[in-house]
Amino acid sequence: MKSISKIFTLLVVTVLLLTACGTKPASDQGGYVLTTALKDGKLVFVGVGSDIEGVVNPALKAQPGEQVTVTLINGEGAEHDIFFPDVDAKTARVSGEGSSASVTFTAPDRSGSFAYMDSVPGHAEAGMQGYLLVGDTEAPAVAQSTGMDMAADSSTSVQPTGVTVTYALDTAMQDGKMVFLGKGGDIDGKVNPDLKANVGDKVQITLTSADGIQHNIFFEGVNAQSEDVVGQGSTTTLEFTPDKDGTFAYYCSIPGHRQAGMEGKFIVGTGVAAASAQSSMTDMNMTSAPAASAAAAGPADANAVDITRDPTDIPASVGNRGPEHIRIDLETVEVVGKLADGTTYTYWTFNGLVPGPMIRVRVGDTVEVHLKNNMTSSMAHSIDLHAVTGPGGGAVATQTKPGEETTFTFQALNVGLFVYHCATPMVADHISNGMYGMILVEPEGGLPKVDREFYVMQGELYTAQPFGTAGQLTRDTTKLLDEHPEYFVFNGASMALTSDAHSLKAKVGETVRIFFGVGGPNFTSSFHVIGEIFDRVYDQASLTSNPLTDVQTTMVPPGGATMVEFSLQVPGRYILVDHALSRMQRGLAGYLIVEGPDNPDVFSGTVTPGSGH
């Protein structure tokens with residue numbers, strides 16, 4: 001009784017809050033609120049407010065093309081979400097009583113009944129299923145009479161053929177892509193093979209992780225998704241019965257995996273009834289797996305760590321030495337880090353920080369790279385160093401599964417400052433999550449001495465939640481492909497280099513060198529230090545060319561770098577920016593704090609508040 005009382009109180013508070021905000025949790029406002037509950041031994045959704053109050057797995061109504069918002073509140077503590085497969089819309093998962101998440105989507109542009117369900121394995125079968133009714137449509141008879149159990153409805157509406165069709169698929173990496181690989185029978189060894197069945201057949205799909213990475217398989221035509229497989233050799237079996245002819249996509253729904261190559265065709269019967277599904281196969285990069293692209297943030301991770309690499313974390317100059325054999329050890333680690341105050345994000349890193357460690361060698365050195373992928377990683381990772389002369393910059397030799405280690409050697413043939421990054425599909429996904437750094441190949445005799453050296457890299461983050469959202473944010477592959485970042489960052493986090501811990505610090509009279517690079521993956525930087533002029537700019541990080549002199553702003557493309565040098569005459573706070581200045585409003589700025597005596601011959605004036613500097 002205590003649990004029921006708590007749920008009732010929670011529902012009342014929710015309705016009052018929605019009302020206080022001027023929003024009714026009712027269909028006439030385009031929004032619905034559902035909670036989760038255990039009733040009559042079944043897990044169900046229960047409507048909150050207006051005409052769905054207390055209704056089990058209520059029918060949600062919308063007009064074709066109408067925007068719909070659905071909020072899910074966890075009423076009994078287990079992990080849940082709500083998934084609308086026909087429009088690829090899903091909330092974030094809610095864990096713990098009282099937690100909530102929302103999703104906003106556009107209803108299909110045609111009348112009909114469209115299923116919604118809890119995609120947590122086993123929950124839909126346990127009763128968490130309902131319908132979105134678009135236009136003048138009635139709920140299917142079974143759903144009306146029971147309020148749930150659409151699995152029974154779909155099975156009774158299709159005449160079983162008595163035929164069982166079985167397929168086995170391995171997950172693999174081939175030719176730089178993630179793929180499904182057929183196993184046995186006519187599909188043995190085929191990449192993303194066509195899978196075929198007839199209406200009414202029982203289809204059994206056995207999925208095995210042969211690459212040790214987290215995967216699943218989702219079939220659009222029947223809205224069926226397997227459990228995830230995690231760890232090499234892990235396996236799962238999915239069973240379903242197709243109920244209509246057509247050609248549908250199957251794919252891995254882990255964000256980024258479909259775009260990285262894990263997509264094939266599921267052909268039912270004649271294969272001609274679902275032209276829209278066929279058209280969705282024309283370009284895998286234009287579609288996205290079911291994702292929480294409009295999902296609410298989860299609670300911020302209290303154990304999140306500072307992932308910002310301090311700009312002074314730079315190896316010493318190689319000095320005047322001859323070529324040597326240098327060993328570099330790197331570990332790829334997936335870690336929850338602090339993106340901003342009250343905001344956390346799961347980064348993929350080299351050695352736990354963003355950017356990865358700066359590597360410093362001499363031209364002519366033989367460099368031995370060891371890449372270890374932490375056992376806890378959910379992805380394979382690799383490294384492509386732009387300083388390498390050889391296939392993939394080393395990436396072909398370092399596609400490294402969780403818990404494994406790879407190695408290769410190269411000779412540093414060219415002087416320069418070069419970017420390195422992960423080159424595991426989808427490459428842009430790995431880079432945007434923090435997997436980039438720089439390697440400096442110094443000339444014979446090393447670089448000229450300066451008083452201060454700093455290491456700064458610019459990147460972008462593509463989160464499902466808008467900039468400034470508090471909580472644990474999730475990545476959004478669709479925004480990544482559309483090149484719509486929510487955050488621009490120096491050294492991994494929003495405004496990270498403006499903090500006391502990580503701002504650049506120097507003194508009047510000193511000379512400063514900044515090693516600056518762009519991990520990206522997509523945007524060019526117009527690097528500028530407000531209030532300073534670069535005495536020397538080594539354009540495109542060409543250290544063997546004569547530098548440009550007296551430069552205000554220098555352009556650095558994604559995957560590119562520069563080295564700038566200047567001297568300090570006046571104390572104060574100087575701001576590092578990308579002079580595409582709107583990006584400051586998305587977290588992109590750093591401070592160079594210069595201490596020392598005033599120099600009125602060079603600059604004299606009274607600092608006014610509100611100047612933006």
# chains A, B, ... in the order shown; residues from 1 in each chain; ligands from 1

call {"tool": "closest_atom_pairs", "arguments": {"of": "range 426-517 of chain A", "to": "range 292-313 of chain A", "cutoff": "6 Å", "atoms": "only C-alpha atoms", "output": "CSV"}}
result
residue,atom,partner,partner_atom,distance
A:Phe454,CA,A:Pro311,CA,5.0
A:Tyr455,CA,A:Pro311,CA,4.5
A:Val456,CA,A:Pro311,CA,5.9
A:Ala464,CA,A:Ser293,CA,4.6
A:Gly471,CA,A:Ala300,CA,3.9
A:Gln472,CA,A:Ala300,CA,4.4
A:Leu473,CA,A:Ala297,CA,5.2
A:Asp476,CA,A:Ser293,CA,5.7
A:Asn491,CA,A:Thr308,CA,5.4
A:Gly492,CA,A:Thr308,CA,5.5
A:His502,CA,A:Asp310,CA,5.4

call {"tool": "select_by_dssp", "arguments": {"residues": "range 24-187 of chain A", "states": "alpha helix (DSSP H)", "output": "PDB file with C-alpha atoms, in the first residue's frame"}}
result
ATOM      1  CA  ALA A 141      -9.922  -4.983 -31.479  1.00  0.00           C
ATOM      2  CA  VAL A 142      -7.549  -6.926 -29.247  1.00  0.00           C
ATOM      3  CA  ALA A 143      -5.946  -3.754 -27.972  1.00  0.00           C
ATOM      4  CA  GLN A 144      -9.366  -2.253 -27.210  1.00  0.00           C
ATOM      5  CA  SER A 145     -10.548  -5.257 -25.265  1.00  0.00           C
ATOM      6  CA  THR A 146      -7.379  -5.894 -23.269  1.00  0.00           C
ATOM      7  CA  MET A 150      -0.493  -6.641 -28.873  1.00  0.00           C
ATOM      8  CA  ALA A 151       1.930  -9.493 -29.328  1.00  0.00           C
ATOM      9  CA  ALA A 152      -1.055 -11.808 -29.138  1.00  0.00           C
ATOM     10  CA  ASP A 153      -2.916  -9.560 -31.539  1.00  0.00           C
ATOM     11  CA  SER A 154      -0.175  -9.717 -34.181  1.00  0.00           C
ATOM     12  CA  SER A 155       0.218 -13.454 -33.872  1.00  0.00           C
ATOM     13  CA  THR A 156      -3.492 -14.179 -34.283  1.00  0.00           C
TER      14      THR A 156
END

call {"tool": "atom_distance", "arguments": {"atom1": "CA of Gln585 in chain A", "atom2": "CA of Gly560 in chain A"}}
result
23.5 Å

call {"tool": "closest_residue", "arguments": {"among": "A:Asp40, A:Asp329, A:Glu404, A:Glu444", "to": "Val363 in chain A", "atoms": "only C-alpha atoms"}}
result
A:Glu444

call {"tool": "residues_around", "arguments": {"residues": "Met379 in chain A", "least_positions_apart": "2", "cutoff": "7 Å", "atoms": "only C-alpha atoms", "output": "list in words"}}
result
Ile213, Gln214, Ser377, His381 and Pro402 of chain A

call {"tool": "write_last_selection", "arguments": {"atoms": "N, CA and C atoms", "output": "PDB file, in the first residue's frame"}}
result
ATOM      1  N   ILE A 213      32.459  -6.188 -29.532  1.00  0.00           N
ATOM      2  CA  ILE A 213      31.865  -4.869 -29.346  1.00  0.00           C
ATOM      3  C   ILE A 213      30.373  -5.032 -29.061  1.00  0.00           C
ATOM      4  N   GLN A 214      29.778  -4.061 -28.390  1.00  0.00           N
ATOM      5  CA  GLN A 214      28.354  -4.100 -28.085  1.00  0.00           C
ATOM      6  C   GLN A 214      27.537  -3.889 -29.358  1.00  0.00           C
ATOM      7  N   SER A 377      35.653  -1.016 -22.334  1.00  0.00           N
ATOM      8  CA  SER A 377      35.154  -0.300 -23.512  1.00  0.00           C
ATOM      9  C   SER A 377      34.003  -1.059 -24.164  1.00  0.00           C
ATOM     10  N   HIS A 381      38.588   0.448 -30.897  1.00  0.00           N
ATOM     11  CA  HIS A 381      39.207   1.735 -31.164  1.00  0.00           C
ATOM     12  C   HIS A 381      40.518   1.525 -31.909  1.00  0.00           C
ATOM     13  N   PRO A 402      38.027  -4.480 -27.277  1.00  0.00           N
ATOM     14  CA  PRO A 402      38.126  -4.296 -25.824  1.00  0.00           C
ATOM     15  C   PRO A 402      38.968  -5.385 -25.177  1.00  0.00           C
TER      16      PRO A 402
END

call {"tool": "atom_distance", "arguments": {"atom1": "CA of Ser234 in chain A", "atom2": "CA of Leu207 in chain A"}}
result
8.4 Å

call {"tool": "residues_around", "arguments": {"residues": "Gly390 in chain A", "least_positions_apart": "4", "cutoff": "10 Å", "atoms": "only C-alpha atoms", "output": "PyMOL selection string"}}
result
chain A and resi 384-386+394-396+409-411
